[in-house]
Each structure stands twice: as structure tokens, then as C-alpha cells.
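Visitor: Got model.cif for you, mmCIF, C-alpha atoms and all ligand atoms:
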```cif
data_upload
#
loop_
_atom_site.group_PDB
_atom_site.id
_atom_site.type_symbol
_atom_site.label_atom_id
_atom_site.label_comp_id
_atom_site.auth_asym_id
_atom_site.auth_seq_id
_atom_site.Cartn_x
_atom_site.Cartn_y
_atom_site.Cartn_z
ATOM 1 C CA MET K 232 -2.378 8.166 13.289
ATOM 2 C CA ASN K 233 -3.859 5.448 11.084
ATOM 3 C CA TYR K 234 -0.717 3.386 10.541
ATOM 4 C CA GLY K 235 -2.643 0.719 8.581
ATOM 5 C CA ILE K 236 -3.509 3.043 5.682
ATOM 6 C CA HIS K 237 0.098 4.215 5.278
ATOM 7 C CA LEU K 238 1.462 0.694 5.622
ATOM 8 C CA GLU K 239 -0.876 -0.716 2.976
ATOM 9 C CA LYS K 240 0.173 1.975 0.509
ATOM 10 C CA VAL K 241 3.929 1.567 1.011
ATOM 11 C CA PHE K 242 3.586 -2.235 0.993
ATOM 12 C CA ASN K 243 1.868 -2.070 -2.410
ATOM 13 C CA ASP K 244 4.320 0.523 -3.789
ATOM 14 C CA VAL K 245 7.448 -1.355 -2.705
ATOM 15 C CA GLY K 246 5.865 -4.692 -3.686
ATOM 16 C CA ARG K 247 5.541 -3.516 -7.295
ATOM 17 C CA GLU K 248 9.283 -2.839 -7.531
ATOM 18 C CA PRO K 249 11.512 -5.648 -8.832
ATOM 19 C CA SER K 250 13.512 -7.454 -6.126
ATOM 20 C CA LYS K 251 17.133 -6.356 -5.904
ATOM 21 C CA GLY K 252 19.905 -8.352 -4.257
ATOM 22 C CA GLU K 253 20.039 -12.050 -3.463
ATOM 23 C CA VAL K 254 18.836 -14.460 -0.794
ATOM 24 C CA ALA K 255 21.591 -15.549 1.631
ATOM 25 C CA LYS K 256 23.441 -18.386 -0.079
ATOM 26 C CA TYR K 257 26.120 -19.201 2.465
ATOM 27 C CA ILE K 258 23.670 -21.188 4.604
ATOM 28 C CA PRO K 259 22.280 -23.934 2.298
ATOM 29 C CA GLU K 260 18.820 -24.054 3.946
ATOM 30 C CA LEU K 261 18.388 -20.266 3.487
ATOM 31 C CA ALA K 262 19.367 -20.499 -0.196
ATOM 32 C CA LYS K 263 16.189 -22.568 -0.819
ATOM 33 C CA ILE K 264 13.811 -19.744 0.189
ATOM 34 C CA SER K 265 12.016 -17.814 -2.554
ATOM 35 C CA GLY K 266 13.191 -14.220 -2.935
ATOM 36 C CA ASP K 267 9.605 -13.246 -3.836
ATOM 37 C CA LYS K 268 8.241 -13.581 -0.299
ATOM 38 C CA PHE K 269 7.103 -10.249 1.053
ATOM 39 C CA GLY K 270 5.173 -9.626 4.238
ATOM 40 C CA VAL K 271 4.795 -7.004 6.939
ATOM 41 C CA HIS K 272 3.035 -6.724 10.272
ATOM 42 C CA ILE K 273 2.674 -3.787 12.656
ATOM 43 C CA SER K 274 1.527 -4.113 16.279
ATOM 44 C CA CYS K 275 0.728 -0.824 17.997
ATOM 45 C CA VAL K 276 0.797 -0.117 21.741
ATOM 46 C CA ASP K 277 -2.882 0.909 21.524
ATOM 47 C CA GLY K 278 -3.716 -2.673 20.484
ATOM 48 C CA SER K 279 -4.285 -2.064 16.770
ATOM 49 C CA LYS K 280 -2.560 -4.436 14.326
ATOM 50 C CA HIS K 281 -2.234 -4.652 10.541
ATOM 51 C CA SER K 282 -0.782 -7.390 8.302
ATOM 52 C CA PHE K 283 -0.034 -7.475 4.579
ATOM 53 C CA GLY K 284 1.404 -10.181 2.291
ATOM 54 C CA ASN K 285 3.234 -13.206 3.716
ATOM 55 C CA ALA K 286 3.051 -11.872 7.271
ATOM 56 C CA SER K 287 1.998 -15.177 8.845
ATOM 57 C CA GLU K 288 4.590 -17.392 7.168
ATOM 58 C CA LYS K 289 7.467 -18.553 9.368
ATOM 59 C CA PHE K 290 11.169 -18.103 8.576
ATOM 60 C CA SER K 291 14.343 -18.478 10.659
ATOM 61 C CA ILE K 292 14.927 -15.290 12.570
ATOM 62 C CA GLN K 293 18.745 -15.504 12.275
ATOM 63 C CA SER K 294 20.419 -12.427 13.807
ATOM 64 C CA ILE K 295 17.187 -11.042 15.244
ATOM 65 C CA SER K 296 17.766 -13.643 17.964
ATOM 66 C CA LYS K 297 20.789 -11.594 19.071
ATOM 67 C CA VAL K 298 18.460 -9.007 20.639
ATOM 68 C CA LEU K 299 16.537 -11.693 22.551
ATOM 69 C CA SER K 300 19.714 -13.415 23.761
ATOM 70 C CA LEU K 301 21.080 -10.007 24.819
ATOM 71 C CA LEU K 302 17.854 -9.339 26.735
ATOM 72 C CA ARG K 303 18.126 -12.674 28.614
ATOM 73 C CA ALA K 304 21.862 -12.287 29.301
ATOM 74 C CA TYR K 305 21.340 -8.732 30.569
ATOM 75 C CA GLN K 306 18.604 -9.983 32.909
ATOM 76 C CA LEU K 307 20.933 -12.682 34.254
ATOM 77 C CA ALA K 308 24.339 -10.955 34.324
ATOM 78 C CA GLY K 309 23.345 -7.305 34.820
ATOM 79 C CA GLU K 310 25.978 -4.622 34.299
ATOM 80 C CA LYS K 311 28.798 -7.205 34.504
ATOM 81 C CA LEU K 312 27.843 -8.148 30.941
ATOM 82 C CA TRP K 313 29.566 -4.989 29.638
ATOM 83 C CA ASN K 314 32.952 -6.229 30.887
ATOM 84 C CA ARG K 315 32.769 -8.907 28.201
ATOM 85 C CA VAL K 316 31.126 -7.108 25.283
ATOM 86 C CA GLY K 317 31.101 -3.432 24.263
ATOM 87 C CA VAL K 318 28.344 -1.071 23.141
ATOM 88 C CA GLU K 319 30.037 0.662 20.211
ATOM 89 C CA PRO K 320 29.020 0.258 16.571
ATOM 90 C CA SER K 321 31.603 -1.842 14.750
ATOM 91 C CA GLY K 322 31.297 -0.325 11.284
ATOM 92 C CA THR K 323 32.230 -3.767 9.965
ATOM 93 C CA ALA K 324 30.330 -6.726 8.496
ATOM 94 C CA PHE K 325 28.312 -8.879 10.904
ATOM 95 C CA ASN K 326 30.778 -11.769 10.700
ATOM 96 C CA SER K 327 34.027 -9.781 10.633
ATOM 97 C CA LEU K 328 37.120 -10.929 12.540
ATOM 98 C CA VAL K 329 39.297 -7.856 12.058
ATOM 99 C CA GLN K 330 38.693 -5.874 15.271
ATOM 100 C CA LEU K 331 38.919 -8.817 17.658
ATOM 101 C CA GLU K 332 42.684 -9.031 17.502
ATOM 102 C CA THR K 333 43.277 -5.384 18.455
ATOM 103 C CA ASP K 334 40.340 -5.358 20.910
ATOM 104 C CA LEU K 335 41.844 -8.388 22.737
ATOM 105 C CA GLY K 336 38.786 -10.593 22.239
ATOM 106 C CA ILE K 337 36.170 -8.111 23.515
ATOM 107 C CA PRO K 338 33.576 -7.787 20.710
ATOM 108 C CA ARG K 339 32.488 -4.224 19.918
ATOM 109 C CA ASN K 340 28.792 -4.954 20.577
ATOM 110 C CA PRO K 341 26.339 -7.825 21.199
ATOM 111 C CA LEU K 342 24.618 -7.578 17.793
ATOM 112 C CA ILE K 343 27.533 -8.699 15.622
ATOM 113 C CA ASN K 344 28.341 -12.426 15.490
ATOM 114 C CA ALA K 345 31.383 -12.076 17.764
ATOM 115 C CA GLY K 346 29.285 -10.337 20.430
ATOM 116 C CA ALA K 347 26.428 -12.795 20.128
ATOM 117 C CA LEU K 348 28.859 -15.690 20.614
ATOM 118 C CA VAL K 349 30.051 -14.128 23.896
ATOM 119 C CA VAL K 350 26.420 -13.545 24.934
ATOM 120 C CA SER K 351 25.727 -17.225 24.102
ATOM 121 C CA ASP K 352 28.623 -18.203 26.362
ATOM 122 C CA VAL K 353 27.153 -16.081 29.191
ATOM 123 C CA LEU K 354 23.779 -17.805 28.762
ATOM 124 C CA ILE K 355 25.304 -21.294 28.722
ATOM 125 C CA SER K 356 27.092 -20.494 31.998
ATOM 126 C CA ASN K 357 23.928 -19.143 33.615
ATOM 127 C CA LEU K 358 21.284 -21.636 32.443
ATOM 128 C CA GLU K 359 21.001 -25.257 33.507
ATOM 129 C CA ASN K 360 19.500 -26.471 30.204
ATOM 130 C CA PRO K 361 20.438 -23.607 27.861
ATOM 131 C CA LYS K 362 18.535 -24.584 24.713
ATOM 132 C CA GLN K 363 15.338 -25.642 26.500
ATOM 133 C CA GLU K 364 15.318 -22.677 28.886
ATOM 134 C CA PHE K 365 16.067 -20.149 26.170
ATOM 135 C CA ILE K 366 13.316 -21.314 23.827
ATOM 136 C CA GLN K 367 10.893 -21.271 26.770
ATOM 137 C CA PHE K 368 11.934 -17.662 27.460
ATOM 138 C CA VAL K 369 11.153 -16.726 23.846
ATOM 139 C CA ARG K 370 7.846 -18.641 23.928
ATOM 140 C CA ASP K 371 6.795 -16.679 27.025
ATOM 141 C CA LEU K 372 7.748 -13.343 25.430
ATOM 142 C CA ALA K 373 5.893 -14.218 22.225
ATOM 143 C CA GLY K 374 2.941 -15.828 23.990
ATOM 144 C CA ILE K 375 3.308 -18.826 21.641
ATOM 145 C CA PRO K 376 3.838 -22.173 23.387
ATOM 146 C CA ASN K 377 4.951 -24.099 20.302
ATOM 147 C CA LEU K 378 7.688 -21.764 19.011
ATOM 148 C CA ASN K 379 10.755 -23.813 18.216
ATOM 149 C CA TYR K 380 14.200 -24.150 16.729
ATOM 150 C CA ASN K 381 14.428 -25.403 13.142
ATOM 151 C CA GLU K 382 16.900 -28.285 13.481
ATOM 152 C CA LYS K 383 17.478 -28.452 9.722
ATOM 153 C CA VAL K 384 18.517 -24.784 9.597
ATOM 154 C CA ALA K 385 20.737 -25.156 12.680
ATOM 155 C CA GLN K 386 22.467 -28.241 11.228
ATOM 156 C CA SER K 387 22.810 -26.591 7.821
ATOM 157 C CA GLU K 388 24.621 -23.644 9.362
ATOM 158 C CA ALA K 389 26.791 -25.909 11.517
ATOM 159 C CA LEU K 390 28.038 -27.635 8.365
ATOM 160 C CA CYS K 391 29.391 -24.405 6.912
ATOM 161 C CA GLY K 392 29.922 -22.251 10.008
ATOM 162 C CA TYR K 393 33.671 -21.879 9.555
ATOM 163 C CA ARG K 394 33.696 -18.140 10.161
ATOM 164 C CA ASN K 395 31.704 -18.395 13.386
ATOM 165 C CA ALA K 396 34.049 -21.187 14.469
ATOM 166 C CA ALA K 397 37.013 -18.899 13.743
ATOM 167 C CA LEU K 398 35.420 -16.088 15.779
ATOM 168 C CA VAL K 399 34.681 -18.206 18.831
ATOM 169 C CA ASN K 400 38.138 -19.835 18.769
ATOM 170 C CA LEU K 401 39.855 -16.456 18.585
ATOM 171 C CA ILE K 402 37.743 -15.051 21.425
ATOM 172 C CA LYS K 403 38.417 -18.152 23.527
ATOM 173 C CA ASP K 404 42.123 -17.722 22.956
ATOM 174 C CA PHE K 405 41.796 -14.261 24.533
ATOM 175 C CA GLY K 406 39.986 -15.819 27.526
ATOM 176 C CA ASN K 407 36.530 -14.335 26.833
ATOM 177 C CA ILE K 408 34.742 -17.676 26.228
ATOM 178 C CA ASN K 409 34.386 -19.972 29.251
ATOM 179 C CA ASN K 410 32.583 -22.964 27.734
ATOM 180 C CA GLU K 411 33.670 -25.361 25.007
ATOM 181 C CA VAL K 412 33.622 -23.842 21.515
ATOM 182 C CA GLU K 413 31.419 -26.688 20.152
ATOM 183 C CA GLU K 414 28.771 -26.029 22.800
ATOM 184 C CA VAL K 415 28.801 -22.263 22.170
ATOM 185 C CA LEU K 416 28.499 -22.756 18.403
ATOM 186 C CA ASP K 417 25.687 -25.302 18.737
ATOM 187 C CA PHE K 418 23.740 -22.957 21.031
ATOM 188 C CA TYR K 419 24.350 -19.941 18.750
ATOM 189 C CA PHE K 420 23.271 -21.826 15.589
ATOM 190 C CA HIS K 421 20.095 -22.914 17.363
ATOM 191 C CA LEU K 422 19.271 -19.331 18.389
ATOM 192 C CA CYS K 423 19.609 -18.266 14.740
ATOM 193 C CA SER K 424 17.285 -21.080 13.625
ATOM 194 C CA ILE K 425 14.283 -20.064 15.778
ATOM 195 C CA GLU K 426 11.219 -19.786 13.569
ATOM 196 C CA MET K 427 8.762 -16.911 13.697
ATOM 197 C CA SER K 428 6.453 -15.033 11.345
ATOM 198 C CA CYS K 429 6.316 -11.239 10.978
ATOM 199 C CA VAL K 430 3.194 -11.226 13.172
ATOM 200 C CA GLU K 431 4.923 -13.186 15.937
ATOM 201 C CA MET K 432 8.102 -11.134 15.719
ATOM 202 C CA ALA K 433 6.380 -7.748 15.875
ATOM 203 C CA GLU K 434 4.348 -8.941 18.873
ATOM 204 C CA THR K 435 7.482 -10.229 20.622
ATOM 205 C CA PHE K 436 9.339 -6.948 20.078
ATOM 206 C CA LEU K 437 6.462 -4.757 21.234
ATOM 207 C CA LEU K 438 7.945 -4.836 24.753
ATOM 208 C CA PHE K 439 10.797 -2.614 23.522
ATOM 209 C CA ALA K 440 8.225 -0.013 22.426
ATOM 210 C CA GLN K 441 6.374 -0.057 25.733
ATOM 211 C CA ASP K 442 9.011 0.482 28.395
ATOM 212 C CA GLY K 443 9.991 -3.176 28.768
ATOM 213 C CA ILE K 444 6.481 -4.472 29.504
ATOM 214 C CA CYS K 445 5.548 -7.694 27.704
ATOM 215 C CA PRO K 446 2.141 -7.306 26.005
ATOM 216 C CA MET K 447 1.393 -11.019 26.498
ATOM 217 C CA ASN K 448 1.342 -10.976 30.287
ATOM 218 C CA ASP K 449 1.846 -7.304 31.285
ATOM 219 C CA LYS K 450 5.043 -8.280 33.128
ATOM 220 C CA GLN K 451 8.026 -5.916 33.325
ATOM 221 C CA VAL K 452 10.565 -8.073 31.440
ATOM 222 C CA ILE K 453 13.344 -5.535 31.767
ATOM 223 C CA LYS K 454 13.709 -2.262 33.650
ATOM 224 C CA LEU K 455 12.767 0.941 31.852
ATOM 225 C CA GLU K 456 16.343 2.266 31.842
ATOM 226 C CA ASN K 457 17.663 -1.004 30.426
ATOM 227 C CA THR K 458 15.008 -0.998 27.700
ATOM 228 C CA LYS K 459 16.481 2.352 26.718
ATOM 229 C CA ARG K 460 19.928 0.743 26.533
ATOM 230 C CA ILE K 461 18.856 -2.185 24.353
ATOM 231 C CA ASN K 462 16.994 0.188 22.027
ATOM 232 C CA ALA K 463 20.130 2.355 21.820
ATOM 233 C CA ILE K 464 22.219 -0.677 20.868
ATOM 234 C CA MET K 465 19.661 -1.605 18.180
ATOM 235 C CA GLN K 466 19.795 1.937 16.847
ATOM 236 C CA THR K 467 23.587 2.129 16.677
ATOM 237 C CA CYS K 468 24.555 -1.498 15.981
ATOM 238 C CA GLY K 469 21.516 -3.342 14.559
ATOM 239 C CA PHE K 470 22.593 -3.104 10.924
ATOM 240 C CA TYR K 471 26.359 -3.676 11.184
ATOM 241 C CA ASP K 472 28.164 -1.424 8.692
ATOM 242 C CA GLU K 473 24.837 -0.022 7.522
ATOM 243 C CA ALA K 474 23.646 1.211 10.930
ATOM 244 C CA GLY K 475 24.232 4.847 9.985
ATOM 245 C CA GLU K 476 22.381 4.390 6.707
ATOM 246 C CA PHE K 477 19.404 2.795 8.479
ATOM 247 C CA ALA K 478 19.243 5.659 10.998
ATOM 248 C CA PHE K 479 19.577 8.146 8.134
ATOM 249 C CA LYS K 480 16.850 6.592 5.994
ATOM 250 C CA VAL K 481 14.466 5.044 8.533
ATOM 251 C CA GLY K 482 15.221 6.630 11.903
ATOM 252 C CA LEU K 483 14.117 3.752 14.157
ATOM 253 C CA PRO K 484 15.936 1.322 16.451
ATOM 254 C CA GLY K 485 15.877 -2.074 14.749
ATOM 255 C CA LYS K 486 17.609 -5.295 13.861
ATOM 256 C CA SER K 487 18.068 -7.265 10.685
ATOM 257 C CA GLY K 488 18.798 -10.916 9.976
ATOM 258 C CA VAL K 489 20.112 -12.717 6.900
ATOM 259 C CA GLY K 490 16.789 -14.562 6.623
ATOM 260 C CA GLY K 491 15.611 -11.226 5.169
ATOM 261 C CA VAL K 492 13.609 -9.828 8.062
ATOM 262 C CA ILE K 493 13.936 -6.443 9.732
ATOM 263 C CA VAL K 494 12.202 -5.614 12.993
ATOM 264 C CA ALA K 495 12.006 -2.005 14.180
ATOM 265 C CA ILE K 496 10.232 -0.137 16.948
ATOM 266 C CA LEU K 497 9.011 3.379 17.563
ATOM 267 C CA PRO K 498 8.932 3.879 21.357
ATOM 268 C CA ASP K 499 5.412 4.410 22.751
ATOM 269 C CA GLN K 500 3.930 3.728 19.308
ATOM 270 C CA TYR K 501 4.598 0.421 17.560
ATOM 271 C CA SER K 502 6.697 -2.573 16.630
ATOM 272 C CA ILE K 503 6.951 -3.563 12.956
ATOM 273 C CA ALA K 504 8.461 -6.611 11.210
ATOM 274 C CA VAL K 505 8.998 -6.814 7.448
ATOM 275 C CA TRP K 506 10.235 -9.893 5.559
ATOM 276 C CA SER K 507 11.713 -9.937 2.058
ATOM 277 C CA PRO K 508 14.598 -12.432 1.674
ATOM 278 C CA CYS K 509 16.653 -10.648 -1.022
ATOM 279 C CA LEU K 510 19.547 -8.917 0.738
ATOM 280 C CA ASN K 511 21.683 -5.958 -0.244
ATOM 281 C CA GLU K 512 25.474 -6.250 -0.220
ATOM 282 C CA LYS K 513 25.593 -5.455 3.522
ATOM 283 C CA GLY K 514 23.334 -8.423 4.345
ATOM 284 C CA ASN K 515 20.178 -6.377 5.094
ATOM 285 C CA SER K 516 16.813 -6.929 3.367
ATOM 286 C CA TYR K 517 16.614 -4.611 0.361
ATOM 287 C CA LYS K 518 12.829 -4.243 0.300
ATOM 288 C CA GLY K 519 12.650 -4.303 4.090
ATOM 289 C CA MET K 520 14.769 -1.176 4.305
ATOM 290 C CA LYS K 521 12.915 0.461 1.444
ATOM 291 C CA LEU K 522 9.505 -0.194 2.990
ATOM 292 C CA LEU K 523 10.540 1.144 6.388
ATOM 293 C CA GLU K 524 12.118 4.229 4.841
ATOM 294 C CA GLU K 525 8.925 5.009 2.934
ATOM 295 C CA PHE K 526 6.761 4.197 5.972
ATOM 296 C CA THR K 527 8.483 6.586 8.382
ATOM 297 C CA THR K 528 8.556 9.252 5.664
ATOM 298 C CA ALA K 529 4.834 8.788 4.915
ATOM 299 C CA THR K 530 3.770 8.826 8.576
ATOM 300 C CA GLY K 531 6.132 11.664 9.466
ATOM 301 C CA TYR K 532 7.114 9.848 12.677
ATOM 302 C CA SER K 533 10.485 8.393 13.622
ATOM 303 C CA LEU K 534 12.932 8.946 16.473
ATOM 304 C CA PHE K 535 14.208 12.101 14.816
HETATM 305 N N1 LIG W 601 23.290 -17.261 11.401
HETATM 306 C C1 LIG W 601 23.880 -16.161 10.703
HETATM 307 C C2 LIG W 601 25.394 -16.180 10.867
HETATM 308 O O1 LIG W 601 25.870 -16.433 11.927
HETATM 309 C C3 LIG W 601 23.287 -14.897 11.237
HETATM 310 C C4 LIG W 601 23.841 -13.664 10.566
HETATM 311 C C5 LIG W 601 22.814 -12.586 10.353
HETATM 312 O O2 LIG W 601 21.602 -12.813 10.380
HETATM 313 N N2 LIG W 601 23.288 -11.409 10.038
HETATM 314 O O3 LIG W 601 26.134 -15.963 9.953
#
```
Show me the file's structure as C-alpha cells.
Ligand code: GLN
Guide:
Amino acid sequence: MNYGIHLEKVFNDVGREPSKGEVAKYIPELAKISGDKFGVHISCVDGSKHSFGNASEKFSIQSISKVLSLLRAYQLAGEKLWNRVGVEPSGTAFNSLVQLETDLGIPRNPLINAGALVVSDVLISNLENPKQEFIQFVRDLAGIPNLNYNEKVAQSEALCGYRNAALVNLIKDFGNINNEVEEVLDFYFHLCSIEMSCVEMAETFLLFAQDGICPMNDKQVIKLENTKRINAIMQTCGFYDEAGEFAFKVGLPGKSGVGGVIVAILPDQYSIAVWSPCLNEKGNSYKGMKLLEEFTTATGYSLF
């Protein structure tokens, strides 16, 4: 399969369409980003790679970090992790509070904000220097020694992070947060601010397409059966209340972030990251979804 030819065509087709939706405005630093950015990169397990548009420009990865923090917490806590966070799709917005009350502070899954805050708490408890050790973990996965947090983005979100503060306070009240709420929020906002380009993100996520083996150092980052589990969570929970729609249209495990990027993988084939900051009403990149839908249709390959 020559993925490059198909990707170039769908990139040009979707690129010609007018942007729909809006860039995320609730985080002031994200509101400054041009909605016209559009880039895509695919890294295949056979070593081939293709980039189009603004694929090398960095942006804050926002909720994509939730998959990487889940990976690290799963490595450290093992199956005990599932006592504190579920694996069911929430069917609600990424920052929703509604289910926490009836679920007694156990978030439905690790890819909504509530779940990622609990995962952050697990990491803080298990790491000596959480921020330094976590960014080093991501650098090693990506094979990029100078990957970093964007302090401006982290501070910008901290200034208006009332909803995340509400989530973590409610969960702590139920006894499912062990550290101080300020420390959990600061760590979570930093995870969201990590900067990567489409190229770097697709390379980092390639391990989920090749049985948990990191392409940078050929190390088994996570066991084969647990790679299956993280991919299943991406498939069922990666797009919040649009997870069904993404499976229906695209048919790949993936994750979106409000910075306007979507990363998706096809096991044993490729990892792909597409960035277009204008979001639909569910908070997922409009053109990102469109491109991936057309790409899996054009290639004829998806999970289904
Ligand atoms: N930092 C964002 C938030 O917590 C991440 C949300 C997202 O990317 N969906 O609101």
C-alpha cells in the first residue's frame, strides 16, 4: 500500500475546503493560534514516512498527553490502576462533572479530564520528581532530547482552569485523589502543555501500532496485551461523546486534543497525526476528522 499517494490526495482535497468550527477559546494561549494551520504526518511500521503542510510546526498536545500519562501510570501501577479509574466510554464532554457524583469519584475512563486527573495523582505518588521524570519519559519515547512543556500555555490554563479545579476537588472529596489539588492541577496543566509537531507525535505513537515496541530504541515499552488495552481505550474513549462517530467514520483507535490535533494508529501498519486547530462542537478537530475519514476510505484499510 502506498499510503503517501493517498495521503497527499486527501490532504489536498480537505485543504481546499473552508475551515469549519473555531479554535479553542477557553484557554487564552490556544485562542491565539491561527485556524488555517493544517499539517499531517504518517509513520509506517515498515519505516516509510510522509509529511504534508505544517507537519513540523509545534503545538501543545493538550489531551493527547492523557494517553502518554496513562501508559506511564499503567507501567507503574499495573492492574491496580483500574480500581481508581474505569474503562467505559463516558458519552459526555471531556470536561464533564455529571457522572462523578453517581460514580462516587471513580472517573469512567482515563481519557476524559476527570480520569486524567486521577492518573496524574497516581504519577505524582509514584515519581520522585513528577514533572522532570515525566517529560524525560516522553523524550525517550519520542527520541527527542529537547521536548518540553510550554510554561506559557500551562500558566494560561491555570488562570482559567476552574472546571478542572472543580473536578479534582470533587474527586478528592470522594477519596480518589491522594495529593494536594494544587499539585495535581499543576502537573496536569503541564502535561497538556507539552509541545510536539505532527511528525514527532506520529513517531511517538508508533509504539501502539507495533505491539508496544518503541521505534526509537526497539525497547518493549509495554506488554503486548496491555498495548491492546490502551488501543481499546483509545478506540472507545478517545473522542469523548464523539467516540462512536469517530469509529463509524474513521475506524481507528485514536485521541484528540483541543489544540486541534488527532493522532490515530492502524495496528501493524502506521501511526498518523493531523493538525488543524478549528474544532467542531464536541471539541475535536473538524478537518482532522474529515481527513482521517477520507484516508481510511481511500486506502480501504481500518480496524473494521
Ligand atoms: N487542557 C485541556 C483541558 O483540560 C485539555 C482538553 C482537551 O484537549 N480535550 O481542558
Visitor: Out of K:Thr530, K:Thr435, K:Asn233, K:Asn360, which residue has the shortest atom-to-atom distance to K:Asn448 when counting only C-alpha atoms?
Guide: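 Selected residue with least distance to K:Asn448: K:Thr435.
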Visitor: Point out the residue among K:Val369, K:Ile343, K:Ala463, K:Val353 with the least atom-to-atom distance to ligand LIG 601 (chain W), counting all atoms listed in the file.
Guide: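 When distances to ligand LIG 601 (chain W) are compared using all atoms listed in the file, the smallest one comes from K:Ile343.
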Visitor: Pull out every residue that the PyMOL selection byres (((chain K and resi 433) around 8) and not hetatm) matches in the shown coordinates and put them as a PyMOL selection string.
Guide: chain K and resi 272-274+429-432+434-437+494+502-504
Visitor: Check every protein, DNA and RNA residue against ligand LIG 601 (chain W), keep those with an atom at most 8 Å away (counting only C-alpha atoms and all ligand atoms), and present them as a PyMOL selection string.
Guide: chain K and resi 258+292-295+325-326+343-344+388+392+394-395+419-420+423-424+487-490+514-515
Visitor: Now that the selection is made, can you save its residues with C-alpha atoms as a PDB file, in the frame of the given file?
Guide:
```pdb
ATOM      1  CA  ILE K 258      23.670 -21.188   4.604  1.00  0.00           C
ATOM      2  CA  ILE K 292      14.927 -15.290  12.570  1.00  0.00           C
ATOM      3  CA  GLN K 293      18.745 -15.504  12.275  1.00  0.00           C
ATOM      4  CA  SER K 294      20.419 -12.427  13.807  1.00  0.00           C
ATOM      5  CA  ILE K 295      17.187 -11.042  15.244  1.00  0.00           C
ATOM      6  CA  PHE K 325      28.312  -8.879  10.904  1.00  0.00           C
ATOM      7  CA  ASN K 326      30.778 -11.769  10.700  1.00  0.00           C
ATOM      8  CA  ILE K 343      27.533  -8.699  15.622  1.00  0.00           C
ATOM      9  CA  ASN K 344      28.341 -12.426  15.490  1.00  0.00           C
ATOM     10  CA  GLU K 388      24.621 -23.644   9.362  1.00  0.00           C
ATOM     11  CA  GLY K 392      29.922 -22.251  10.008  1.00  0.00           C
ATOM     12  CA  ARG K 394      33.696 -18.140  10.161  1.00  0.00           C
ATOM     13  CA  ASN K 395      31.704 -18.395  13.386  1.00  0.00           C
ATOM     14  CA  TYR K 419      24.350 -19.941  18.750  1.00  0.00           C
ATOM     15  CA  PHE K 420      23.271 -21.826  15.589  1.00  0.00           C
ATOM     16  CA  CYS K 423      19.609 -18.266  14.740  1.00  0.00           C
ATOM     17  CA  SER K 424      17.285 -21.080  13.625  1.00  0.00           C
ATOM     18  CA  SER K 487      18.068  -7.265  10.685  1.00  0.00           C
ATOM     19  CA  GLY K 488      18.798 -10.916   9.976  1.00  0.00           C
ATOM     20  CA  VAL K 489      20.112 -12.717   6.900  1.00  0.00           C
ATOM     21  CA  GLY K 490      16.789 -14.562   6.623  1.00  0.00           C
ATOM     22  CA  GLY K 514      23.334  -8.423   4.345  1.00  0.00           C
ATOM     23  CA  ASN K 515      20.178  -6.377   5.094  1.00  0.00           C
TER      24      ASN K 515
END
```
Visitor: Could you list, as a ChimeraX atom specification, every residue matched by the PyMOL selection byres (((chain K and resi 256) around 12) and not hetatm) in this structure?
Guide: /K:252-255,257-266,387-388,391,489-491,508-510,514
Visitor: Go through the shown structure with the PyMOL selection byres (((chain K and resi 444) around 12) and not hetatm) and write out the matching residues as a ChimeraX atom specification.
Guide: /K:276,372,434-443,445-455,457-458,498-499
Visitor: Dump as a PyMOL selection string all residues having an atom at most 6 Å from (11.1, -8.2, 8.3), computed in the file's coordinates with all atoms listed in the file.
Guide: chain K and resi 492-494+504-506+519
Visitor: Please provide the set of residues having any atom within 7 Å of K:Asn400, restricted to all atoms listed in the file, with same-chain residues fewer than 4 positions apart removed, written as a ChimeraX atom specification.
Guide: /K:396,404,412
Visitor: Just the number, please: distance in Å from atom CA of K:Pro249 to atom CA of K:Phe269, one decimal.
Guide: 11.8 Å
Visitor: So how many Å separate atom CA of K:Asn511 and atom CA of K:Gly531, to one decimal?
Guide: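 One can read the atom CA of K:Asn511 to atom CA of K:Gly531 distance as 25.4 Å.
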Visitor: Find the spatial neighbours of K:Glu525, counting only C-alpha atoms, within a cut-off of 9 Å - ignore same-chain residues fewer than 2 positions away - and output them as an MDAnalysis selection string.
Guide: chainID K and resid 241 245 480:481 520:523 527:530
Visitor: Using only C-alpha atoms, find all polymer residues with an atom at most 12 Å away from the point (21.6, 6.8, 10.4); report them as a ChimeraX atom specification.
Guide: /K:320,465-485,524,533-535
Visitor: Given the choices K:Gln306, K:Gln386, K:Asn407, K:Ser516, which gets closest to K:Leu335 if the distance is worked out from only C-alpha atoms?
Guide: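 Smallest separation from K:Leu335 among the options: K:Asn407.
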Visitor: From the structure just shown, export stretch 437-445 of chain K with N, CA, C and O atoms as a short mmCIF file (atom, residue, chain, number, x, y, z; two decimals), in the first residue's frame.
Guide:
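Final output, saved to out_33.cif:
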```
data_model
loop_
_atom_site.label_atom_id
_atom_site.label_comp_id
_atom_site.auth_asym_id
_atom_site.auth_seq_id
_atom_site.Cartn_x
_atom_site.Cartn_y
_atom_site.Cartn_z
N LEU K 437 3.91 5.52 17.34
CA LEU K 437 4.11 4.31 16.52
C LEU K 437 4.20 3.05 17.38
O LEU K 437 3.83 1.97 16.95
N LEU K 438 4.62 3.20 18.63
CA LEU K 438 4.75 2.02 19.50
C LEU K 438 3.41 1.31 19.68
O LEU K 438 3.36 0.09 19.86
N PHE K 439 2.30 2.08 19.62
CA PHE K 439 0.98 1.46 19.78
C PHE K 439 0.57 0.67 18.53
O PHE K 439 -0.35 -0.13 18.59
N ALA K 440 1.25 0.94 17.42
CA ALA K 440 0.96 0.19 16.18
C ALA K 440 1.88 -1.01 16.03
O ALA K 440 1.68 -1.84 15.15
N GLN K 441 2.94 -1.06 16.87
CA GLN K 441 3.86 -2.18 16.72
C GLN K 441 4.08 -2.90 18.05
O GLN K 441 5.20 -3.01 18.52
N ASP K 442 2.95 -3.35 18.60
CA ASP K 442 2.95 -4.25 19.75
C ASP K 442 3.67 -3.72 20.98
O ASP K 442 4.24 -4.50 21.77
N GLY K 443 3.71 -2.40 21.14
CA GLY K 443 4.32 -1.83 22.34
C GLY K 443 5.82 -1.62 22.25
O GLY K 443 6.46 -1.30 23.25
N ILE K 444 6.39 -1.79 21.06
CA ILE K 444 7.84 -1.62 20.90
C ILE K 444 8.15 -0.21 20.39
O ILE K 444 7.65 0.20 19.34
N CYS K 445 8.99 0.50 21.14
CA CYS K 445 9.33 1.88 20.78
C CYS K 445 10.27 1.87 19.57
O CYS K 445 11.32 1.22 19.60
#
```
